[in-house]
Every structure is written in C-alpha cells, then in structure tokens.
$ cat entry14.cif   # mmCIF, C-alpha atoms
data_upload
loop_
_atom_site.group_PDB
_atom_site.id
_atom_site.type_symbol
_atom_site.label_atom_id
_atom_site.label_comp_id
_atom_site.auth_asym_id
_atom_site.auth_seq_id
_atom_site.Cartn_x
_atom_site.Cartn_y
_atom_site.Cartn_z
ATOM 1 C CA MET A 356 6.611 -4.385 0.712
ATOM 2 C CA PHE A 357 10.325 -3.947 0.475
ATOM 3 C CA PRO A 358 12.440 -0.853 1.033
ATOM 4 C CA THR A 359 13.364 1.025 -2.122
ATOM 5 C CA THR A 360 16.975 1.505 -1.013
ATOM 6 C CA PRO A 361 19.336 -0.086 -3.558
ATOM 7 C CA PRO A 362 22.028 -2.496 -2.374
ATOM 8 C CA PRO A 363 25.501 -1.029 -1.744
ATOM 9 C CA PRO A 364 27.828 -0.803 -4.785
ATOM 10 C CA ALA A 365 29.984 -3.865 -5.438
ATOM 11 C CA SER A 366 33.126 -1.967 -4.423
ATOM 12 C CA THR A 367 31.761 -1.282 -0.932
ATOM 13 C CA PRO A 368 32.279 -4.149 1.487
ATOM 14 C CA ALA A 369 28.861 -5.132 2.823
ATOM 15 C CA GLU A 370 27.996 -6.692 6.132
ATOM 16 C CA PRO A 371 27.705 -10.451 5.775
ATOM 17 C CA SER A 372 24.123 -11.571 5.313
ATOM 18 C CA VAL A 373 23.175 -13.761 8.278
ATOM 19 C CA PRO A 374 20.373 -16.308 7.821
ATOM 20 C CA HIS A 375 17.502 -16.381 10.275
ATOM 21 C CA PRO A 376 17.311 -19.565 12.328
ATOM 22 C CA GLY A 377 15.798 -22.109 9.980
ATOM 23 C CA GLY A 378 15.605 -19.713 7.036
ATOM 24 C CA VAL A 379 17.272 -17.534 4.436
ATOM 25 C CA SER A 380 18.921 -14.197 5.220
ATOM 26 C CA GLU A 381 16.907 -10.978 4.844
ATOM 27 C CA ASP A 382 19.235 -9.773 2.066
ATOM 28 C CA ASP A 383 18.871 -12.965 0.016
ATOM 29 C CA PHE A 384 15.100 -13.025 0.545
ATOM 30 C CA ARG A 385 14.761 -9.360 -0.440
ATOM 31 C CA ALA A 386 16.986 -9.820 -3.517
ATOM 32 C CA ALA A 387 15.035 -12.858 -4.738
ATOM 33 C CA LEU A 388 11.622 -11.250 -4.299
ATOM 34 C CA SER A 389 12.762 -8.000 -5.904
ATOM 35 C CA ARG A 390 12.646 -9.993 -9.168
ATOM 36 C CA LEU A 391 8.889 -10.441 -8.761
ATOM 37 C CA ALA A 392 7.112 -7.551 -10.494
ATOM 38 C CA ALA A 393 4.182 -6.219 -8.484
ATOM 39 C CA GLY A 394 1.449 -3.695 -9.038
ATOM 40 C CA VAL A 395 1.520 -0.598 -6.848
ATOM 41 C CA VAL A 396 -1.515 0.540 -4.873
ATOM 42 C CA LEU A 397 -2.366 3.288 -2.418
ATOM 43 C CA VAL A 398 -4.157 1.925 0.654
ATOM 44 C CA THR A 399 -6.217 4.526 2.502
ATOM 45 C CA ALA A 400 -8.540 4.784 5.486
ATOM 46 C CA HIS A 401 -10.262 7.573 7.389
ATOM 47 C CA ASP A 402 -9.564 7.912 11.113
ATOM 48 C CA PRO A 403 -12.708 9.492 12.579
ATOM 49 C CA ASP A 404 -11.114 9.791 16.033
ATOM 50 C CA GLU A 405 -8.217 12.043 14.927
ATOM 51 C CA GLY A 406 -9.144 15.708 15.303
ATOM 52 C CA PRO A 407 -12.521 17.389 14.924
ATOM 53 C CA ARG A 408 -13.070 16.193 11.312
ATOM 54 C CA GLY A 409 -10.935 13.072 11.481
ATOM 55 C CA GLU A 410 -7.820 12.412 9.429
ATOM 56 C CA ASP A 411 -7.043 10.442 6.294
ATOM 57 C CA VAL A 412 -4.195 7.922 6.409
ATOM 58 C CA GLY A 413 -2.428 6.363 3.434
ATOM 59 C CA MET A 414 0.387 3.978 2.553
ATOM 60 C CA THR A 415 1.921 2.648 -0.641
ATOM 61 C CA ALA A 416 1.760 -1.134 -0.968
ATOM 62 C CA THR A 417 2.884 -3.802 -3.392
ATOM 63 C CA ALA A 418 1.669 -6.708 -1.237
ATOM 64 C CA PHE A 419 -1.974 -6.502 -2.307
ATOM 65 C CA MET A 420 -3.951 -9.272 -3.979
ATOM 66 C CA SER A 421 -7.336 -10.766 -4.637
ATOM 67 C CA VAL A 422 -8.182 -13.681 -2.353
ATOM 68 C CA SER A 423 -11.659 -14.899 -3.322
ATOM 69 C CA LEU A 424 -14.361 -14.210 -5.897
ATOM 70 C CA ASP A 425 -17.228 -15.654 -3.824
ATOM 71 C CA PRO A 426 -17.342 -13.816 -1.518
ATOM 72 C CA PRO A 427 -15.246 -10.998 -3.017
ATOM 73 C CA LEU A 428 -12.183 -10.738 -0.772
ATOM 74 C CA ALA A 429 -8.887 -8.876 -1.138
ATOM 75 C CA MET A 430 -5.826 -8.752 1.102
ATOM 76 C CA VAL A 431 -3.134 -6.239 1.956
ATOM 77 C CA SER A 432 -0.032 -6.780 4.079
ATOM 78 C CA VAL A 433 0.743 -3.966 6.557
ATOM 79 C CA ARG A 434 3.854 -3.572 8.702
ATOM 80 C CA ASN A 435 3.202 -4.192 12.406
ATOM 81 C CA GLY A 436 3.143 -0.996 14.437
ATOM 82 C CA SER A 437 2.729 1.252 11.385
ATOM 83 C CA ARG A 438 0.166 4.041 11.393
ATOM 84 C CA MET A 439 -1.982 2.028 8.948
ATOM 85 C CA ASP A 440 -1.740 -1.143 11.053
ATOM 86 C CA ASP A 441 -2.780 0.760 14.176
ATOM 87 C CA LEU A 442 -5.719 2.348 12.366
ATOM 88 C CA LEU A 443 -6.958 -0.830 10.665
ATOM 89 C CA GLU A 444 -6.923 -2.584 14.023
ATOM 90 C CA ARG A 445 -9.844 -0.368 15.101
ATOM 91 C CA GLN A 446 -11.252 0.961 11.805
ATOM 92 C CA PRO A 447 -12.691 -1.847 9.652
ATOM 93 C CA LEU A 448 -13.262 0.281 6.519
ATOM 94 C CA TRP A 449 -10.447 0.958 4.056
ATOM 95 C CA ALA A 450 -9.854 1.472 0.360
ATOM 96 C CA VAL A 451 -7.348 0.739 -2.388
ATOM 97 C CA SER A 452 -6.476 2.845 -5.431
ATOM 98 C CA VAL A 453 -4.672 0.885 -8.176
ATOM 99 C CA LEU A 454 -2.098 3.439 -9.324
ATOM 100 C CA ALA A 455 -1.485 4.329 -12.957
ATOM 101 C CA GLU A 456 2.046 4.771 -14.337
ATOM 102 C CA SER A 457 1.453 8.545 -14.281
ATOM 103 C CA GLN A 458 0.974 8.377 -10.475
ATOM 104 C CA ARG A 459 4.547 7.471 -9.498
ATOM 105 C CA HIS A 460 4.709 10.689 -7.430
ATOM 106 C CA ILE A 461 1.802 9.465 -5.278
ATOM 107 C CA ALA A 462 3.494 6.103 -4.672
ATOM 108 C CA GLY A 463 6.737 7.838 -3.688
ATOM 109 C CA ARG A 464 4.972 10.324 -1.453
ATOM 110 C CA PHE A 465 3.218 7.673 0.641
ATOM 111 C CA ALA A 466 6.245 5.328 0.793
ATOM 112 C CA MET A 467 8.711 7.827 2.307
ATOM 113 C CA LYS A 468 10.419 6.877 5.548
ATOM 114 C CA GLY A 469 10.223 9.557 8.236
ATOM 115 C CA ARG A 470 7.532 11.251 6.194
ATOM 116 C CA ILE A 471 5.486 14.258 7.137
ATOM 117 C CA SER A 472 1.951 13.949 8.495
ATOM 118 C CA ASP A 473 -0.704 12.213 6.432
ATOM 119 C CA ARG A 474 -2.763 15.392 6.467
ATOM 120 C CA LEU A 475 -0.052 17.209 4.513
ATOM 121 C CA LEU A 476 0.426 14.290 2.118
ATOM 122 C CA PHE A 477 -3.241 14.452 1.103
ATOM 123 C CA ASP A 478 -3.331 18.268 1.091
ATOM 124 C CA ASP A 479 -2.770 18.897 -2.634
ATOM 125 C CA MET A 480 -3.780 15.468 -3.938
ATOM 126 C CA PRO A 481 -7.046 15.179 -5.892
ATOM 127 C CA VAL A 482 -9.241 12.566 -4.215
ATOM 128 C CA VAL A 483 -12.821 11.361 -4.233
ATOM 129 C CA ARG A 484 -14.404 10.208 -0.967
ATOM 130 C CA GLY A 485 -15.480 6.550 -1.070
ATOM 131 C CA ALA A 486 -19.219 6.125 -0.515
ATOM 132 C CA GLU A 487 -18.809 2.781 1.307
ATOM 133 C CA SER A 488 -15.577 3.344 3.253
ATOM 134 C CA GLY A 489 -15.350 7.107 3.681
ATOM 135 C CA ALA A 490 -11.695 6.712 2.670
ATOM 136 C CA PRO A 491 -10.035 8.918 0.047
ATOM 137 C CA LEU A 492 -9.673 7.390 -3.427
ATOM 138 C CA ALA A 493 -6.923 8.743 -5.688
ATOM 139 C CA ALA A 494 -8.373 10.573 -8.672
ATOM 140 C CA GLY A 495 -6.927 9.138 -11.876
ATOM 141 C CA ALA A 496 -6.374 5.644 -10.453
ATOM 142 C CA LEU A 497 -6.869 2.713 -12.822
ATOM 143 C CA ALA A 498 -9.333 1.134 -10.388
ATOM 144 C CA THR A 499 -10.566 1.555 -6.832
ATOM 145 C CA LEU A 500 -11.870 -0.910 -4.265
ATOM 146 C CA GLU A 501 -13.535 -0.261 -0.928
ATOM 147 C CA CYS A 502 -13.263 -2.953 1.734
ATOM 148 C CA ARG A 503 -14.400 -3.958 5.218
ATOM 149 C CA THR A 504 -11.967 -6.047 7.266
ATOM 150 C CA GLU A 505 -13.098 -9.625 7.823
ATOM 151 C CA GLN A 506 -9.875 -11.085 9.209
ATOM 152 C CA ARG A 507 -6.448 -10.026 10.484
ATOM 153 C CA VAL A 508 -3.726 -12.666 10.336
ATOM 154 C CA PRO A 509 -0.386 -12.087 12.125
ATOM 155 C CA ALA A 510 2.494 -12.988 9.778
ATOM 156 C CA GLY A 511 5.995 -12.238 11.102
ATOM 157 C CA ASP A 512 6.633 -8.493 11.144
ATOM 158 C CA HIS A 513 3.449 -7.817 9.120
ATOM 159 C CA THR A 514 -0.282 -8.397 9.477
ATOM 160 C CA LEU A 515 -2.371 -9.704 6.584
ATOM 161 C CA VAL A 516 -5.626 -7.752 6.455
ATOM 162 C CA VAL A 517 -8.350 -9.575 4.533
ATOM 163 C CA GLY A 518 -11.299 -7.432 3.546
ATOM 164 C CA ARG A 519 -14.655 -8.003 1.871
ATOM 165 C CA VAL A 520 -14.858 -5.815 -1.209
ATOM 166 C CA LEU A 521 -17.923 -3.582 -0.815
ATOM 167 C CA ALA A 522 -17.466 -1.571 -4.000
ATOM 168 C CA ALA A 523 -15.148 -1.653 -7.009
ATOM 169 C CA SER A 524 -14.852 0.571 -10.048
ATOM 170 C CA THR A 525 -12.532 1.199 -12.948
ATOM 171 C CA HIS A 526 -11.405 4.615 -14.137
ATOM 172 C CA THR A 527 -13.925 4.579 -16.980
ATOM 173 C CA GLU A 528 -16.794 4.115 -14.513
ATOM 174 C CA ALA A 529 -15.464 6.783 -12.165
ATOM 175 C CA GLY A 530 -14.648 9.171 -15.009
ATOM 176 C CA ALA A 531 -11.264 9.812 -13.436
ATOM 177 C CA GLY A 532 -9.312 9.714 -16.708
ATOM 178 C CA ALA A 533 -6.385 7.469 -15.728
ATOM 179 C CA GLU A 534 -3.444 7.701 -18.101
ATOM 180 C CA GLY A 535 -1.483 4.744 -19.464
ATOM 181 C CA GLY A 536 -0.922 1.381 -17.875
ATOM 182 C CA PRO A 537 -0.331 0.253 -14.288
ATOM 183 C CA LEU A 538 2.526 1.416 -12.092
ATOM 184 C CA MET A 539 4.802 -1.536 -11.315
ATOM 185 C CA TYR A 540 7.544 -2.214 -8.753
ATOM 186 C CA PHE A 541 10.504 -4.330 -9.881
ATOM 187 C CA ARG A 542 14.104 -4.667 -8.625
ATOM 188 C CA GLY A 543 13.653 -1.876 -6.074
ATOM 189 C CA ARG A 544 12.261 0.726 -8.495
ATOM 190 C CA TYR A 545 8.957 1.936 -9.864
ATOM 191 C CA ARG A 546 8.525 0.851 -13.494
ATOM 192 C CA THR A 547 6.016 0.978 -16.314
ATOM 193 C CA MET A 548 4.967 -1.900 -18.529
ATOM 194 C CA GLY A 549 6.072 -0.177 -21.757
#
$ encode --input "entry14.cif" --output "structure tokens"
Amino acid sequence: MFPTTPPPPASTPAEPSVPHPGGVSEDDFRAALSRLAAGVVLVTAHDPDEGPRGEDVGMTATAFMSVSLDPPLAMVSVRNGSRMDDLLERQPLWAVSVLAESQRHIAGRFAMKGRISDRLLFDDMPVVRGAESGAPLAAGALATLECRTEQRVPAGDHTLVVGRVLAASTHTEAGAGAEGGPLMYFRGRYRTMG
C-alpha cells in the first residue's frame, strides 16, 4: 500500500533520497513498486465493542493476495497502528470486497488520509452483511471473501494478516451486478484494464 501522492515535478528540487541502512531508499523502493499493477480491494471488519450496535471499519488495500488453496488462505498487509490493525488484533473476522472499475469512488473514500469517521464513510454506501464475518461487503464488488485470522506476522511498518477463507462468492452468485473489469492501481493512480 503506497501513498497516492505523485512525486514532485522535475523543476522542483526534491530532498535527496537517503537509503535505509542496508537497503534502498523509500523513494526508490516506492517508485520501483509503483510499476507493479495491483488489484484494489476494500478490507472491512465489524467492531462489536464500538458503541451500542458496534461500528464498521474499512480500508482500501492493494497488498492483498491468495496464500494457499489447501487450506484456503488469503493475506492482507495493514499499516501498524492503523484503525484496521488495532481492530484485527482483537477481532479475528474480516472481509474483502474485490472492487470493480466502477467503484473507484469507494477506493478513494477509504484511502483518504485524515479521513472522517468510518461510520460516515459507510453511511450512504450499499453493503450486504457477511454471514460468516458480520463485516460489510460492498454491493457491486466483483467478488467477496470472508476470513478468520490464523496468523499475524510483523513485517517492518506493517503487519501481514493471514486469514482462512470461510466464504467466497462472485458477483454473479451474489446478484450484485458488478460492472466492467477490476479496479487496478498502477504508478500512483487508479486504473482500469481497458
């Protein structure tokens, strides 16, 4: 997951990129990996301890992948100290909505820095409640997965959350009517395959 802020224009003198001890600089690392196209997902979970009815929490992610077919495992990378990291440390159930190209607004909404409360972000968004996770699933997503955390692996400034997939469906099974292909992230921007 990399910030969507573009690099400064060539005419603006930039701060020199300083390598980490024993490694590449953050700028060089970010620039190289921005050339790797990634699918965009919405990761969600329900916090039953927040308020009288609980609260839904969501984040946009590009660092999501399948890990194993037997057993069915998937992994998401979450930033340490984020609202999602704090919640998934105590709530083992979470879900993923694979976003369609028509859902760019959802990706942008849940990726904002200094964003408003999660409750307001979900307020006008059509969702279906996951039967296995209790987490909100984005209506119109290409696919959805519901997971239970099996392992948390510290990895630098992120934590890799590996979950057993409890349920998975595609938009045709859910009847959600997803439009077009997948939403992609490439060179710091949301893109479509077409």
$ closest_residue --input "entry14.cif" --among "A:Met430, A:Ala416, A:Ala393, A:Leu521" --to "A:Gly485" --atoms "all atoms listed in the file"
A:Leu521
$ resolve_selection --input "entry14.cif" --expression "the PyMOL selection byres ((chain A and resi 493-496) around 7)" --output "list of chain:residue names"
A:Ser452, A:Val453, A:Leu454, A:Ala455, A:Pro481, A:Val482, A:Val483, A:Pro491, A:Leu492, A:Leu497, A:Ala498, A:Thr499, A:His526, A:Ala531, A:Gly532, A:Ala533
$ resolve_selection --input "entry14.cif" --expression "the PyMOL selection byres ((chain A and resi 437) around 12)" --output "list in words"
Val412, Gly413, Met414, Ser432, Val433, Arg434, Asn435, Gly436, Arg438, Met439, Asp440, Asp441, Leu442, Leu443, Glu444, Ala466, Lys468, Gly469, Asp512, His513 and Thr514 of chain A
$ closest_residue --input "entry14.cif" --among "A:Val431, A:Ala462, A:Leu538, A:Leu448" --to "A:Ala510" --atoms "all atoms listed in the file"
A:Val431
$ atom_distance --input "entry14.cif" --atom1 "atom CA of A:Met420" --atom2 "atom CA of A:Gly377"
27.4 Å
$ axis_aligned_box --input "entry14.cif" --around "stretch 462-469 of chain A" --padding-each-side "4 Å" --output "AutoDock Vina command-line options"
--center_x 6.8 --center_y 7.8 --center_z 1.8 --size_x 15.2 --size_y 13.0 --size_z 20.9
$ atom_distance --input "entry14.cif" --atom1 "atom CA of A:Ala386" --atom2 "atom CA of A:Phe541"
10.6 Å
$ atom_distance --input "entry14.cif" --atom1 "atom CA of A:Val422" --atom2 "atom CA of A:Glu501"
14.5 Å
$ resolve_selection --input "entry14.cif" --expression "the PyMOL selection byres ((chain A and resi 402) around 10)" --output "VMD selection string"
chain A and resid 399 to 401 403 to 406 408 to 412 439 442 to 443 445 to 446 448 to 449 489 to 490
$ closest_residue --input "entry14.cif" --among "A:Leu515, A:Ala523, A:Leu397, A:Leu475" --to "A:Glu487" --atoms "all atoms listed in the file"
A:Ala523
$ closest_residue --input "entry14.cif" --among "A:His460, A:Arg519, A:Arg503, A:Arg542" --to "A:Arg390" --atoms "all atoms listed in the file"
A:Arg542
$ closest_residue --input "entry14.cif" --among "A:Met539, A:Leu388, A:Met548, A:Cys502" --to "A:Pro447" --atoms "only C-alpha atoms"
A:Cys502
$ residues_around --input "entry14.cif" --residues "A:Gln506" --least-positions-apart "4" --cutoff "8 Å" --atoms "only C-alpha atoms" --output "PyMOL selection string"
chain A and resi 516-518
$ build_atoms --input "entry14.cif" --residues "stretch 369-405 of chain A" --atoms "N, CA and C atoms" --output "CSV table (one decimal), keeping the file's coordinate frame"
chain,number,residue,atom,x,y,z
A,369,ALA,N,30.1,-5.1,2.1
A,369,ALA,CA,28.9,-5.1,2.8
A,369,ALA,C,29.0,-6.0,4.0
A,370,GLU,N,28.1,-5.8,5.0
A,370,GLU,CA,28.0,-6.7,6.1
A,370,GLU,C,27.6,-8.1,5.6
A,371,PRO,N,28.1,-9.1,6.2
A,371,PRO,CA,27.7,-10.5,5.8
A,371,PRO,C,26.2,-10.7,6.1
A,372,SER,N,25.5,-11.3,5.2
A,372,SER,CA,24.1,-11.6,5.3
A,372,SER,C,24.0,-12.8,6.2
A,373,VAL,N,23.3,-12.7,7.3
A,373,VAL,CA,23.2,-13.8,8.3
A,373,VAL,C,21.8,-14.4,8.2
A,374,PRO,N,21.7,-15.7,7.9
A,374,PRO,CA,20.4,-16.3,7.8
A,374,PRO,C,19.6,-16.3,9.2
A,375,HIS,N,18.3,-16.2,9.1
A,375,HIS,CA,17.5,-16.4,10.3
A,375,HIS,C,17.6,-17.8,10.7
A,376,PRO,N,17.3,-18.2,11.9
A,376,PRO,CA,17.3,-19.6,12.3
A,376,PRO,C,16.3,-20.3,11.5
A,377,GLY,N,16.7,-21.3,10.8
A,377,GLY,CA,15.8,-22.1,10.0
A,377,GLY,C,15.3,-21.4,8.7
A,378,GLY,N,16.1,-20.4,8.2
A,378,GLY,CA,15.6,-19.7,7.0
A,378,GLY,C,16.7,-18.9,6.4
A,379,VAL,N,16.4,-18.3,5.3
A,379,VAL,CA,17.3,-17.5,4.4
A,379,VAL,C,17.5,-16.2,5.1
A,380,SER,N,18.6,-15.5,4.7
A,380,SER,CA,18.9,-14.2,5.2
A,380,SER,C,18.0,-13.2,4.6
A,381,GLU,N,17.8,-12.1,5.3
A,381,GLU,CA,16.9,-11.0,4.8
A,381,GLU,C,17.4,-10.5,3.5
A,382,ASP,N,18.7,-10.3,3.3
A,382,ASP,CA,19.2,-9.8,2.1
A,382,ASP,C,18.9,-10.7,0.9
A,383,ASP,N,19.1,-12.0,1.1
A,383,ASP,CA,18.9,-13.0,0.0
A,383,ASP,C,17.4,-13.0,-0.3
A,384,PHE,N,16.6,-13.0,0.7
A,384,PHE,CA,15.1,-13.0,0.5
A,384,PHE,C,14.6,-11.8,-0.2
A,385,ARG,N,15.1,-10.6,0.2
A,385,ARG,CA,14.8,-9.4,-0.4
A,385,ARG,C,15.2,-9.3,-1.9
A,386,ALA,N,16.4,-9.8,-2.1
A,386,ALA,CA,17.0,-9.8,-3.5
A,386,ALA,C,16.2,-10.7,-4.4
A,387,ALA,N,15.8,-11.9,-3.9
A,387,ALA,CA,15.0,-12.9,-4.7
A,387,ALA,C,13.7,-12.3,-5.1
A,388,LEU,N,13.0,-11.8,-4.1
A,388,LEU,CA,11.6,-11.2,-4.3
A,388,LEU,C,11.6,-9.9,-5.1
A,389,SER,N,12.7,-9.2,-5.1
A,389,SER,CA,12.8,-8.0,-5.9
A,389,SER,C,12.6,-8.3,-7.4
A,390,ARG,N,12.8,-9.6,-7.8
A,390,ARG,CA,12.6,-10.0,-9.2
A,390,ARG,C,11.2,-10.3,-9.5
A,391,LEU,N,10.3,-10.2,-8.5
A,391,LEU,CA,8.9,-10.4,-8.8
A,391,LEU,C,8.2,-9.1,-9.0
A,392,ALA,N,7.8,-8.8,-10.2
A,392,ALA,CA,7.1,-7.6,-10.5
A,392,ALA,C,5.8,-7.5,-9.8
A,393,ALA,N,5.4,-6.4,-9.2
A,393,ALA,CA,4.2,-6.2,-8.5
A,393,ALA,C,3.5,-4.9,-8.8
A,394,GLY,N,2.2,-4.9,-8.9
A,394,GLY,CA,1.4,-3.7,-9.0
A,394,GLY,C,1.6,-2.8,-7.8
A,395,VAL,N,1.4,-1.5,-8.0
A,395,VAL,CA,1.5,-0.6,-6.8
A,395,VAL,C,0.1,0.0,-6.6
A,396,VAL,N,-0.2,0.0,-5.3
A,396,VAL,CA,-1.5,0.5,-4.9
A,396,VAL,C,-1.3,1.5,-3.7
A,397,LEU,N,-2.3,2.4,-3.6
A,397,LEU,CA,-2.4,3.3,-2.4
A,397,LEU,C,-3.5,2.8,-1.5
A,398,VAL,N,-3.2,2.4,-0.3
A,398,VAL,CA,-4.2,1.9,0.7
A,398,VAL,C,-4.5,3.1,1.5
A,399,THR,N,-5.8,3.4,1.7
A,399,THR,CA,-6.2,4.5,2.5
A,399,THR,C,-7.3,4.1,3.5
A,400,ALA,N,-7.4,4.9,4.5
A,400,ALA,CA,-8.5,4.8,5.5
A,400,ALA,C,-8.8,6.1,6.1
A,401,HIS,N,-9.9,6.3,6.7
A,401,HIS,CA,-10.3,7.6,7.4
A,401,HIS,C,-10.3,7.3,8.9
A,402,ASP,N,-9.6,8.1,9.7
A,402,ASP,CA,-9.6,7.9,11.1
A,402,ASP,C,-10.5,8.9,11.7
A,403,PRO,N,-11.7,8.5,12.1
A,403,PRO,CA,-12.7,9.5,12.6
A,403,PRO,C,-12.4,10.0,14.0
A,404,ASP,N,-11.5,9.4,14.7
A,404,ASP,CA,-11.1,9.8,16.0
A,404,ASP,C,-10.0,10.8,16.1
A,405,GLU,N,-9.4,11.1,14.9
A,405,GLU,CA,-8.2,12.0,14.9
A,405,GLU,C,-8.7,13.5,14.6
